$ cat my_file01.json   # JSON, C-alpha atoms
[["chain", "number", "residue", "atom", "x", "y", "z"],
["A", 890, "MET", "CA", -8.65, 23.89, -2.51],
["A", 891, "LYS", "CA", -10.47, 20.56, -2.71],
["A", 892, "LYS", "CA", -10.55, 20.35, 1.08],
["A", 893, "GLN", "CA", -12.02, 23.85, 1.34],
["A", 894, "LEU", "CA", -14.69, 22.94, -1.21],
["A", 895, "LYS", "CA", -15.50, 19.74, 0.68],
["A", 896, "ASP", "CA", -15.77, 21.62, 3.99],
["A", 897, "LYS", "CA", -18.10, 24.18, 2.41],
["A", 898, "CYS", "CA", -20.29, 21.44, 0.97],
["A", 899, "THR", "CA", -20.45, 19.68, 4.33],
["A", 900, "LEU", "CA", -21.37, 22.90, 6.10],
["A", 901, "LEU", "CA", -24.05, 23.65, 3.49],
["A", 902, "LEU", "CA", -25.54, 20.15, 3.87],
["A", 903, "LEU", "CA", -25.64, 20.40, 7.69],
["A", 904, "SER", "CA", -27.14, 23.89, 7.56],
["A", 905, "SER", "CA", -29.84, 22.64, 5.19],
["A", 906, "CYS", "CA", -30.63, 19.71, 7.50],
["A", 907, "LEU", "CA", -30.86, 21.97, 10.52],
["A", 908, "PHE", "CA", -33.18, 24.29, 8.61],
["A", 909, "LEU", "CA", -35.38, 21.35, 7.67],
["A", 910, "ALA", "CA", -35.35, 20.20, 11.29],
["A", 911, "GLY", "CA", -36.73, 23.55, 12.35],
["A", 912, "CYS", "CA", -39.40, 23.45, 9.66],
["A", 913, "THR", "CA", -40.38, 19.89, 10.51],
["A", 914, "GLY", "CA", -41.30, 20.89, 14.05],
["A", 915, "CYS", "CA", -43.69, 23.53, 12.76],
["A", 916, "SER", "CA", -45.44, 21.37, 10.17],
["A", 917, "SER", "CA", -46.53, 17.80, 9.46],
["A", 918, "LYS", "CA", -49.45, 17.83, 11.90],
["A", 919, "THR", "CA", -51.27, 15.05, 10.06],
["A", 920, "ASN", "CA", -50.88, 12.02, 12.31],
["A", 921, "LYS", "CA", -49.13, 13.72, 15.24],
["A", 922, "GLU", "CA", -52.26, 13.76, 17.38],
["A", 923, "THR", "CA", -52.14, 9.99, 17.91],
["A", 924, "GLU", "CA", -48.36, 9.77, 18.40],
["A", 925, "LYS", "CA", -46.50, 10.18, 21.67],
["A", 926, "PRO", "CA", -44.56, 13.43, 22.00],
["A", 927, "VAL", "CA", -40.82, 12.93, 21.57],
["A", 928, "ILE", "CA", -38.01, 13.81, 23.94],
["A", 929, "THR", "CA", -34.46, 13.69, 22.59],
["A", 930, "VAL", "CA", -31.54, 12.97, 24.91],
["A", 931, "THR", "CA", -27.82, 12.81, 24.21],
["A", 932, "LEU", "CA", -26.89, 9.36, 25.57],
["A", 933, "GLU", "CA", -28.32, 5.88, 26.07],
["A", 934, "PRO", "CA", -27.90, 6.01, 29.89],
["A", 935, "GLN", "CA", -29.97, 9.22, 29.82],
["A", 936, "ARG", "CA", -32.63, 7.39, 27.84],
["A", 937, "TYR", "CA", -32.73, 4.82, 30.65],
["A", 938, "PHE", "CA", -33.35, 7.49, 33.33],
["A", 939, "THR", "CA", -35.84, 9.39, 31.19],
["A", 940, "GLU", "CA", -37.87, 6.34, 30.16],
["A", 941, "ALA", "CA", -37.92, 5.12, 33.77],
["A", 942, "ILE", "CA", -39.74, 8.31, 34.80],
["A", 943, "ALA", "CA", -41.63, 9.19, 31.61],
["A", 944, "GLY", "CA", -43.20, 5.74, 31.27],
["A", 945, "ASP", "CA", -45.69, 5.63, 28.42],
["A", 946, "LYS", "CA", -46.19, 9.41, 28.22],
["A", 947, "PHE", "CA", -43.25, 10.18, 25.92],
["A", 948, "LYS", "CA", -41.12, 8.49, 23.28],
["A", 949, "VAL", "CA", -37.42, 8.96, 24.14],
["A", 950, "VAL", "CA", -34.66, 8.86, 21.50],
["A", 951, "SER", "CA", -30.87, 9.22, 21.83],
["A", 952, "MET", "CA", -28.76, 11.38, 19.56],
["A", 953, "VAL", "CA", -25.57, 9.34, 20.09],
["A", 954, "PRO", "CA", -26.30, 5.75, 18.96],
["A", 955, "LYS", "CA", -24.98, 2.56, 20.50],
["A", 956, "GLY", "CA", -21.32, 1.92, 19.73],
["A", 957, "SER", "CA", -20.47, 5.58, 19.02],
["A", 958, "SER", "CA", -18.30, 7.88, 21.11],
["A", 959, "PRO", "CA", -20.18, 10.89, 22.53],
["A", 960, "GLU", "CA", -16.88, 12.76, 22.56],
["A", 961, "THR", "CA", -16.62, 12.89, 18.77],
["A", 962, "TYR", "CA", -19.96, 11.80, 17.27],
["A", 963, "ASP", "CA", -21.51, 13.93, 14.52],
["A", 964, "PRO", "CA", -25.25, 13.45, 13.85],
["A", 965, "VAL", "CA", -26.38, 12.13, 10.49],
["A", 966, "PRO", "CA", -28.68, 14.32, 8.36],
["A", 967, "GLN", "CA", -31.78, 12.25, 9.18],
["A", 968, "GLN", "CA", -31.24, 12.84, 12.90],
["A", 969, "LEU", "CA", -31.08, 16.57, 12.33],
["A", 970, "VAL", "CA", -34.36, 16.46, 10.43],
["A", 971, "SER", "CA", -36.05, 14.19, 12.99],
["A", 972, "LEU", "CA", -34.97, 16.45, 15.85],
["A", 973, "GLY", "CA", -37.57, 18.95, 14.67],
["A", 974, "ASP", "CA", -40.32, 16.59, 15.88],
["A", 975, "SER", "CA", -39.07, 16.68, 19.48],
["A", 976, "LYS", "CA", -40.86, 18.55, 22.21],
["A", 977, "ALA", "CA", -37.73, 18.88, 24.34],
["A", 978, "TYR", "CA", -34.02, 18.08, 24.49],
["A", 979, "PHE", "CA", -32.41, 16.79, 27.70],
["A", 980, "ARG", "CA", -28.65, 17.38, 27.68],
["A", 981, "ILE", "CA", -26.19, 15.56, 29.94],
["A", 982, "GLY", "CA", -24.01, 18.63, 30.48],
["A", 983, "TYR", "CA", -20.49, 18.76, 29.10],
["A", 984, "ILE", "CA", -19.86, 15.82, 26.76],
["A", 985, "GLY", "CA", -18.00, 16.54, 23.50],
["A", 986, "PHE", "CA", -21.06, 16.04, 21.28],
["A", 987, "GLU", "CA", -22.96, 18.74, 23.14],
["A", 988, "GLN", "CA", -20.02, 21.14, 23.19],
["A", 989, "THR", "CA", -19.81, 20.91, 19.41],
["A", 990, "TRP", "CA", -23.47, 20.69, 18.43],
["A", 991, "MET", "CA", -25.81, 22.02, 21.10],
["A", 992, "ASP", "CA", -25.82, 25.69, 20.11],
["A", 993, "ARG", "CA", -26.38, 24.83, 16.45],
["A", 994, "LEU", "CA", -29.13, 22.36, 17.25],
["A", 995, "MET", "CA", -31.01, 24.74, 19.51],
["A", 996, "ASN", "CA", -30.57, 27.80, 17.27],
["A", 997, "ASN", "CA", -32.12, 25.94, 14.36],
["A", 998, "THR", "CA", -34.95, 24.31, 16.33],
["A", 999, "PRO", "CA", -36.06, 27.21, 18.59],
["A", 1000, "HIS", "CA", -39.43, 25.57, 19.33],
["A", 1001, "ILE", "CA", -37.68, 22.82, 21.33],
["A", 1002, "GLN", "CA", -37.30, 23.32, 25.08],
["A", 1003, "MET", "CA", -33.86, 22.44, 26.41],
["A", 1004, "PHE", "CA", -33.20, 21.08, 29.93],
["A", 1005, "ASP", "CA", -29.76, 20.50, 31.46],
["A", 1006, "THR", "CA", -29.87, 17.37, 33.63],
["A", 1007, "SER", "CA", -26.40, 18.07, 35.08],
["A", 1008, "GLN", "CA", -27.60, 21.00, 37.20],
["A", 1009, "GLY", "CA", -26.56, 20.49, 40.82],
["A", 1010, "VAL", "CA", -23.82, 17.93, 40.10],
["A", 1011, "ASP", "CA", -20.54, 18.52, 41.94],
["A", 1012, "LEU", "CA", -18.34, 18.58, 38.86],
["A", 1013, "ILE", "CA", -14.79, 17.26, 38.68],
["A", 1014, "LEU", "CA", -12.65, 20.02, 37.19],
["A", 1015, "ASN", "CA", -9.28, 19.36, 35.59],
["A", 1016, "ASN", "CA", -7.22, 21.76, 33.53],
["A", 1017, "GLU", "CA", -5.40, 18.80, 32.00],
["A", 1018, "LEU", "CA", -8.48, 17.63, 30.09],
["A", 1019, "PRO", "CA", -8.49, 19.87, 27.00],
["A", 1020, "GLU", "CA", -10.72, 17.57, 24.99],
["A", 1021, "HIS", "CA", -13.61, 17.88, 27.42],
["A", 1022, "GLY", "CA", -16.15, 20.62, 28.03],
["A", 1023, "HIS", "CA", -15.22, 23.86, 29.77],
["A", 1024, "SER", "CA", -16.74, 25.67, 32.72],
["A", 1025, "LEU", "CA", -16.08, 28.97, 34.48],
["A", 1026, "HIS", "CA", -15.23, 28.27, 38.11],
["A", 1027, "ASP", "CA", -13.60, 30.60, 40.65],
["A", 1028, "GLY", "CA", -12.96, 33.05, 37.82],
["A", 1029, "HIS", "CA", -10.98, 30.50, 35.81],
["A", 1030, "ILE", "CA", -11.81, 28.27, 32.86],
["A", 1031, "HIS", "CA", -11.54, 24.59, 33.76],
["A", 1032, "SER", "CA", -12.04, 21.41, 31.77],
["A", 1033, "VAL", "CA", -14.96, 19.38, 33.09],
["A", 1034, "GLU", "CA", -14.92, 15.61, 33.48],
["A", 1035, "PRO", "CA", -18.17, 14.95, 31.56],
["A", 1036, "HIS", "CA", -19.09, 11.33, 32.44],
["A", 1037, "ILE", "CA", -21.39, 12.38, 35.27],
["A", 1038, "TRP", "CA", -23.90, 9.53, 34.85],
["A", 1039, "ASN", "CA", -21.42, 6.86, 36.02],
["A", 1040, "SER", "CA", -22.19, 7.58, 39.67],
["A", 1041, "ALA", "CA", -25.08, 6.67, 41.94],
["A", 1042, "THR", "CA", -24.83, 10.06, 43.66],
["A", 1043, "ASN", "CA", -25.07, 11.87, 40.34],
["A", 1044, "ALA", "CA", -27.74, 9.50, 39.03],
["A", 1045, "LEU", "CA", -30.08, 10.70, 41.79],
["A", 1046, "ILE", "CA", -29.44, 14.31, 40.72],
["A", 1047, "ILE", "CA", -29.99, 13.47, 37.04],
["A", 1048, "ALA", "CA", -33.21, 11.67, 37.95],
["A", 1049, "GLY", "CA", -34.40, 14.67, 39.96],
["A", 1050, "ASN", "CA", -33.69, 17.06, 37.09],
["A", 1051, "THR", "CA", -35.44, 14.71, 34.68],
["A", 1052, "TYR", "CA", -38.52, 14.53, 36.90],
["A", 1053, "LYS", "CA", -38.68, 18.34, 37.13],
["A", 1054, "ALA", "CA", -38.31, 18.68, 33.35],
["A", 1055, "LEU", "CA", -41.06, 16.15, 32.62],
["A", 1056, "SER", "CA", -43.37, 17.82, 35.12],
["A", 1057, "ALA", "CA", -42.72, 21.19, 33.49],
["A", 1058, "LEU", "CA", -43.51, 19.74, 30.06],
["A", 1059, "ASP", "CA", -46.62, 17.88, 31.21],
["A", 1060, "LYS", "CA", -47.97, 19.37, 34.44],
["A", 1061, "ALA", "CA", -51.18, 17.33, 34.29],
["A", 1062, "ASN", "CA", -49.25, 14.06, 34.78],
["A", 1063, "GLU", "CA", -46.92, 15.25, 37.55],
["A", 1064, "PRO", "CA", -48.20, 12.67, 40.12],
["A", 1065, "TYR", "CA", -47.49, 9.91, 37.58],
["A", 1066, "TYR", "CA", -43.93, 11.15, 37.12],
["A", 1067, "MET", "CA", -43.45, 11.52, 40.87],
["A", 1068, "ALA", "CA", -44.41, 7.90, 41.50],
["A", 1069, "ARG", "CA", -42.03, 6.66, 38.82],
["A", 1070, "TYR", "CA", -39.29, 9.00, 40.00],
["A", 1071, "ASP", "CA", -39.57, 7.59, 43.53],
["A", 1072, "SER", "CA", -39.33, 4.07, 42.14],
["A", 1073, "LEU", "CA", -36.22, 4.95, 40.13],
["A", 1074, "CYS", "CA", -34.58, 6.56, 43.16],
["A", 1075, "GLN", "CA", -35.17, 3.38, 45.16],
["A", 1076, "ARG", "CA", -33.45, 1.33, 42.45],
["A", 1077, "ILE", "CA", -30.50, 3.73, 42.30],
["A", 1078, "GLN", "CA", -30.14, 3.65, 46.09],
["A", 1079, "TYR", "CA", -30.28, -0.15, 46.04],
["A", 1080, "VAL", "CA", -27.47, -0.28, 43.46],
["A", 1081, "ASP", "CA", -25.45, 2.12, 45.61],
["A", 1082, "SER", "CA", -25.97, -0.01, 48.73],
["A", 1083, "VAL", "CA", -24.86, -3.18, 46.94],
["A", 1084, "ILE", "CA", -21.73, -1.49, 45.61],
["A", 1085, "CYS", "CA", -20.89, -0.03, 49.03],
["A", 1086, "GLU", "CA", -21.23, -3.46, 50.61],
["A", 1087, "GLN", "CA", -19.05, -5.10, 47.96],
["A", 1088, "LEU", "CA", -16.30, -2.49, 48.07],
["A", 1089, "SER", "CA", -16.21, -2.49, 51.87],
["A", 1090, "ASN", "CA", -14.52, -5.88, 51.57],
["A", 1091, "PRO", "CA", -10.89, -5.27, 52.61],
["A", 1092, "GLU", "CA", -9.74, -7.48, 49.73],
["A", 1093, "ALA", "CA", -11.59, -5.43, 47.09],
["A", 1094, "SER", "CA", -9.39, -3.44, 44.71],
["A", 1095, "LYS", "CA", -8.82, 0.18, 45.69],
["A", 1096, "ALA", "CA", -7.30, 1.16, 42.33],
["A", 1097, "PHE", "CA", -8.11, 0.25, 38.75],
["A", 1098, "MET", "CA", -6.96, 1.11, 35.24],
["A", 1099, "ILE", "CA", -9.17, 2.10, 32.36],
["A", 1100, "TYR", "CA", -8.35, 3.15, 28.81],
["A", 1101, "HIS", "CA", -10.58, 6.25, 28.68],
["A", 1102, "PRO", "CA", -11.27, 7.78, 32.13],
["A", 1103, "ALA", "CA", -15.06, 7.38, 32.14],
["A", 1104, "LEU", "CA", -15.34, 6.29, 35.80],
["A", 1105, "SER", "CA", -14.01, 9.41, 37.55],
["A", 1106, "TYR", "CA", -17.27, 10.01, 39.44],
["A", 1107, "PHE", "CA", -17.64, 6.33, 40.29],
["A", 1108, "ALA", "CA", -14.10, 6.40, 41.73],
["A", 1109, "ARG", "CA", -14.93, 9.53, 43.74],
["A", 1110, "ASP", "CA", -18.14, 7.99, 45.12],
["A", 1111, "TYR", "CA", -16.34, 4.98, 46.55],
["A", 1112, "GLY", "CA", -12.86, 6.28, 47.34],
["A", 1113, "LEU", "CA", -11.07, 4.52, 44.49],
["A", 1114, "HIS", "CA", -8.09, 5.53, 42.35],
["A", 1115, "GLN", "CA", -8.77, 5.59, 38.61],
["A", 1116, "ILE", "CA", -5.65, 5.36, 36.42],
["A", 1117, "SER", "CA", -6.14, 6.31, 32.77],
["A", 1118, "ILE", "CA", -4.17, 4.56, 30.02],
["A", 1119, "GLU", "CA", -4.85, 7.44, 27.64],
["A", 1120, "GLU", "CA", -2.23, 10.19, 27.67],
["A", 1121, "GLY", "CA", -3.86, 13.55, 26.99],
["A", 1122, "GLY", "CA", -6.66, 11.84, 25.09],
["A", 1123, "LYS", "CA", -4.21, 9.95, 22.87],
["A", 1124, "GLU", "CA", -2.47, 6.58, 22.70],
["A", 1125, "PRO", "CA", 0.19, 6.33, 25.44],
["A", 1126, "SER", "CA", 3.80, 6.72, 24.38],
["A", 1127, "PRO", "CA", 6.21, 3.80, 25.03],
["A", 1128, "ALA", "CA", 7.66, 5.72, 27.99],
["A", 1129, "HIS", "CA", 4.19, 6.33, 29.45],
["A", 1130, "LEU", "CA", 3.26, 2.70, 28.89],
["A", 1131, "LYS", "CA", 6.30, 1.66, 30.93],
["A", 1132, "GLU", "CA", 5.21, 4.08, 33.70],
["A", 1133, "LEU", "CA", 1.73, 2.54, 33.67],
["A", 1134, "ILE", "CA", 3.15, -0.97, 34.04],
["A", 1135, "ASP", "CA", 5.23, 0.15, 37.04],
["A", 1136, "LEU", "CA", 2.24, 2.00, 38.54],
["A", 1137, "CYS", "CA", 0.02, -1.04, 38.06],
["A", 1138, "LYS", "CA", 2.43, -3.12, 40.15],
["A", 1139, "GLU", "CA", 2.97, -0.38, 42.73],
["A", 1140, "GLU", "CA", -0.75, 0.16, 43.38],
["A", 1141, "ASN", "CA", -1.64, -3.52, 43.19],
["A", 1142, "VAL", "CA", -4.08, -2.97, 40.34],
["A", 1143, "GLN", "CA", -6.05, -6.15, 39.63],
["A", 1144, "VAL", "CA", -8.40, -4.93, 36.90],
["A", 1145, "ILE", "CA", -8.03, -3.02, 33.64],
["A", 1146, "PHE", "CA", -11.36, -1.90, 32.18],
["A", 1147, "VAL", "CA", -11.75, -1.62, 28.41],
["A", 1148, "GLN", "CA", -14.61, 0.05, 26.56],
["A", 1149, "PRO", "CA", -15.93, -1.23, 23.21],
["A", 1150, "GLU", "CA", -15.23, 1.99, 21.30],
["A", 1151, "PHE", "CA", -11.49, 2.00, 22.18],
["A", 1152, "ASP", "CA", -8.52, -0.15, 21.13],
["A", 1153, "LYS", "CA", -7.69, -2.68, 23.86],
["A", 1154, "ARG", "CA", -4.16, -3.58, 22.72],
["A", 1155, "ASN", "CA", -2.42, -1.34, 25.26],
["A", 1156, "ALA", "CA", -4.57, -2.75, 28.05],
["A", 1157, "GLU", "CA", -3.63, -6.26, 26.98],
["A", 1158, "THR", "CA", 0.07, -5.32, 26.89],
["A", 1159, "ILE", "CA", -0.09, -4.01, 30.46],
["A", 1160, "ALA", "CA", -2.06, -7.07, 31.57],
["A", 1161, "GLN", "CA", 0.52, -9.43, 30.10],
["A", 1162, "GLN", "CA", 3.31, -7.64, 31.99],
["A", 1163, "THR", "CA", 1.48, -7.49, 35.31],
["A", 1164, "GLY", "CA", -0.89, -10.46, 35.45],
["A", 1165, "THR", "CA", -3.85, -8.09, 35.60],
["A", 1166, "ARG", "CA", -7.33, -9.03, 34.37],
["A", 1167, "VAL", "CA", -8.83, -7.19, 31.39],
["A", 1168, "VAL", "CA", -12.56, -6.67, 31.94],
["A", 1169, "PRO", "CA", -14.86, -5.27, 29.21],
["A", 1170, "ILE", "CA", -17.37, -2.65, 30.33],
["A", 1171, "ASN", "CA", -19.72, -0.28, 28.54],
["A", 1172, "PRO", "CA", -20.32, 2.96, 30.48],
["A", 1173, "LEU", "CA", -22.52, 4.11, 27.58],
["A", 1174, "SER", "CA", -24.93, 1.19, 27.95],
["A", 1175, "TYR", "CA", -28.67, 1.78, 28.32],
["A", 1176, "ASP", "CA", -28.69, -0.69, 31.23],
["A", 1177, "TRP", "CA", -27.19, 1.67, 33.81],
["A", 1178, "GLU", "CA", -27.85, -0.56, 36.81],
["A", 1179, "ALA", "CA", -26.19, -3.63, 35.29],
["A", 1180, "GLU", "CA", -23.12, -1.66, 34.22],
["A", 1181, "MET", "CA", -22.56, -0.08, 37.63],
["A", 1182, "LEU", "CA", -22.84, -3.48, 39.32],
["A", 1183, "ASN", "CA", -20.58, -5.03, 36.67],
["A", 1184, "VAL", "CA", -17.83, -2.51, 37.49],
["A", 1185, "ALA", "CA", -18.12, -3.13, 41.23],
["A", 1186, "ASN", "CA", -18.19, -6.90, 40.78],
["A", 1187, "ALA", "CA", -14.95, -6.76, 38.74],
["A", 1188, "LEU", "CA", -13.22, -5.07, 41.67],
["A", 1189, "MET", "CA", -14.03, -7.93, 44.03],
["A", 1190, "PRO", "CA", -11.49, -10.66, 44.84],
["A", 1191, "VAL", "CA", -11.73, -13.38, 42.20],
["A", 1192, "GLU", "CA", -12.37, -16.15, 44.72],
["A", 1193, "GLU", "CA", -15.43, -14.34, 46.11],
["A", 1194, "LYS", "CA", -17.31, -13.91, 42.83]]
$ encode --input "my_file01.json" --output "structure tokens"
Amino acid sequence: MKKQLKDKCTLLLLSSCLFLAGCTGCSSKTNKETEKPVITVTLEPQRYFTEAIAGDKFKVVSMVPKGSSPETYDPVPQQLVSLGDSKAYFRIGYIGFEQTWMDRLMNNTPHIQMFDTSQGVDLILNNELPEHGHSLHDGHIHSVEPHIWNSATNALIIAGNTYKALSALDKANEPYYMARYDSLCQRIQYVDSVICEQLSNPEASKAFMIYHPALSYFARDYGLHQISIEEGGKEPSPAHLKELIDLCKEENVQVIFVQPEFDKRNAETIAQQTGTRVVPINPLSYDWEAEMLNVANALMPVEEK
């Protein structure tokens, strides 16, 4: 009974915040004339792409803050209220936060334009990923691997969608956005060329382990094998942990990546049994270029770093 009451109170609070968010966008015109229009995005890497193209024309804010998991994050009431001030929302596509919240956010802030920056991405579909977003493909429902931004190929697509969205929002400044979009594409292509050169080294690792499989698209880009420590989105069982240790040796895995929002004890256990290096990464970092190069650098032979 208490739980039901708590759930009802929580739902009432969130509904009230969403209502206020909608009202906020229609009022408070006082000092808005001198402020930059706001674009809300889901993730910090998206904020990087959007700011790179938008320059000084928009203020860009992320819904999922640093250090939080976009699979499970719930917005705080102030974010729901502040969302009403946004001119547009750029979604990343299929991440858990969007699957849970997007319809509610858009229904309660109908004045906000929504753009999907994942359009055109060749999605990785996997029916064994129940915790991820779903898509209809070939007449069947598939789970979608949602970490599309961790790929130079996809980054170019995201950048292109972002440029189109900004131009639609602000047609007068389209040449400005085009120039910045071209510059961003050059940086993405440079990162891709550096990674290709590094991983062409015959001694570079061809397989890696990672706690949460956030580098599926990176692995596809460069012909690598990503091995997830997670088992169905949960901690691995002792039997699965033993299988991972054997697989690590069999595939000559040299690197286990760990993300800050996940427990690294299982990675350390595997590393102790196999002599593998544990390397911290942050695929949710704002600094997309540095993170992509950090991953590639970790796959290089130790003596060549």
$ closest_atom_pairs --input "my_file01.json" --of "segment 1074-1162 of chain A" --to "segment 1166-1169 of chain A" --cutoff "6 Å" --atoms "all atoms listed in the file" --output "CSV"
residue,atom,partner,partner_atom,distance
A:Val1144,CA,A:Arg1166,CA,4.9
A:Ile1145,CA,A:Val1167,CA,4.8
A:Phe1146,CA,A:Val1168,CA,4.9
A:Val1147,CA,A:Pro1169,CA,4.9
A:Gln1148,CA,A:Pro1169,CA,5.9
$ closest_residue --input "my_file01.json" --among "A:Pro954, A:Gly1049, A:Gly1121, A:Pro1190" --to "Tyr1070 of chain A" --atoms "all atoms listed in the file"
A:Gly1049
$ atom_distance --input "my_file01.json" --atom1 "atom CA of Trp1177 of chain A" --atom2 "atom CA of Lys1123 of chain A"
26.8 Å
$ residues_around --input "my_file01.json" --residues "Pro1127 of chain A" --least-positions-apart "4" --cutoff "12 Å" --atoms "only C-alpha atoms" --output "list in words"
Ile1118, Glu1119, Glu1120, Lys1131, Glu1132, Leu1133, Ile1134, Asn1155, Thr1158 and Ile1159 of chain A
$ closest_residue --input "my_file01.json" --among "A:Asn1141, A:Leu1173, A:Asp1152, A:Ile1099" --to "Gly956 of chain A" --atoms "only C-alpha atoms"
A:Leu1173
$ closest_residue --input "my_file01.json" --among "A:His1101, A:Lys1053, A:His1000, A:Lys1138" --to "Ser958 of chain A" --atoms "all atoms listed in the file"
A:His1101
$ atom_distance --input "my_file01.json" --atom1 "atom CA of Ser957 of chain A" --atom2 "atom CA of Gln935 of chain A"
14.8 Å
$ residues_around --input "my_file01.json" --residues "Met1098 of chain A" --least-positions-apart "2" --cutoff "6 Å" --atoms "all atoms listed in the file" --output "list in words"
Gln1115, Ile1116, Ser1117 and Ile1145 of chain A
$ closest_residue --input "my_file01.json" --among "A:Leu1188, A:Met995, A:Ala1103, A:Ala1156" --to "Asn1171 of chain A" --atoms "only C-alpha atoms"
A:Ala1103
$ atom_distance --input "my_file01.json" --atom1 "atom CA of Tyr1066 of chain A" --atom2 "atom CA of Glu940 of chain A"
10.4 Å
$ residues_around --input "my_file01.json" --residues "Leu1104 of chain A" --least-positions-apart "2" --cutoff "10 Å" --atoms "all atoms listed in the file" --output "list in words"
Glu1034, His1036, Ile1037, Trp1038, Asn1039, Ser1040, Phe1097, Met1098, Ile1099, His1101, Pro1102, Tyr1106, Phe1107, Ala1108, Arg1109, Asp1110, Leu1113, His1114, Gln1115, Ile1116, Ser1117, Phe1146, Pro1172, Met1181 and Val1184 of chain A
$ write_last_selection --input "my_file01.json" --atoms "C-alpha atoms" --output "mmCIF file, keeping the file's coordinate frame"
data_model
loop_
_atom_site.group_PDB
_atom_site.id
_atom_site.type_symbol
_atom_site.label_atom_id
_atom_site.label_comp_id
_atom_site.auth_asym_id
_atom_site.auth_seq_id
_atom_site.Cartn_x
_atom_site.Cartn_y
_atom_site.Cartn_z
ATOM 1 C CA GLU A 1034 -14.920 15.610 33.480
ATOM 2 C CA HIS A 1036 -19.090 11.330 32.440
ATOM 3 C CA ILE A 1037 -21.390 12.380 35.270
ATOM 4 C CA TRP A 1038 -23.900 9.530 34.850
ATOM 5 C CA ASN A 1039 -21.420 6.860 36.020
ATOM 6 C CA SER A 1040 -22.190 7.580 39.670
ATOM 7 C CA PHE A 1097 -8.110 0.250 38.750
ATOM 8 C CA MET A 1098 -6.960 1.110 35.240
ATOM 9 C CA ILE A 1099 -9.170 2.100 32.360
ATOM 10 C CA HIS A 1101 -10.580 6.250 28.680
ATOM 11 C CA PRO A 1102 -11.270 7.780 32.130
ATOM 12 C CA TYR A 1106 -17.270 10.010 39.440
ATOM 13 C CA PHE A 1107 -17.640 6.330 40.290
ATOM 14 C CA ALA A 1108 -14.100 6.400 41.730
ATOM 15 C CA ARG A 1109 -14.930 9.530 43.740
ATOM 16 C CA ASP A 1110 -18.140 7.990 45.120
ATOM 17 C CA LEU A 1113 -11.070 4.520 44.490
ATOM 18 C CA HIS A 1114 -8.090 5.530 42.350
ATOM 19 C CA GLN A 1115 -8.770 5.590 38.610
ATOM 20 C CA ILE A 1116 -5.650 5.360 36.420
ATOM 21 C CA SER A 1117 -6.140 6.310 32.770
ATOM 22 C CA PHE A 1146 -11.360 -1.900 32.180
ATOM 23 C CA PRO A 1172 -20.320 2.960 30.480
ATOM 24 C CA MET A 1181 -22.560 -0.080 37.630
ATOM 25 C CA VAL A 1184 -17.830 -2.510 37.490
#
$ closest_residue --input "my_file01.json" --among "A:Trp990, A:Val1010, A:Thr939, A:Val949" --to "Tyr962 of chain A" --atoms "only C-alpha atoms"
A:Trp990
$ residues_near_point --input "my_file01.json" --point "(-24.8, 16.2, 16.6)" --cutoff "8 Å" --atoms "only C-alpha atoms" --output "NGL selection string"
:A and (952-953 or 962-965 or 969 or 986-987 or 989-991 or 994)
$ residues_around --input "my_file01.json" --residues "Gln1078 of chain A" --least-positions-apart "6" --cutoff "9 Å" --atoms "only C-alpha atoms" --output "PDB file with C-alpha atoms, keeping the file's coordinate frame"
ATOM      1  CA  ALA A1041     -25.080   6.670  41.940  1.00  0.00           C
ATOM      2  CA  THR A1042     -24.830  10.060  43.660  1.00  0.00           C
ATOM      3  CA  LEU A1045     -30.080  10.700  41.790  1.00  0.00           C
TER       4      LEU A1045
END
$ closest_residue --input "my_file01.json" --among "A:Thr998, A:Thr1165, A:Ser951, A:Asn1183" --to "Asp974 of chain A" --atoms "all atoms listed in the file"
A:Thr998
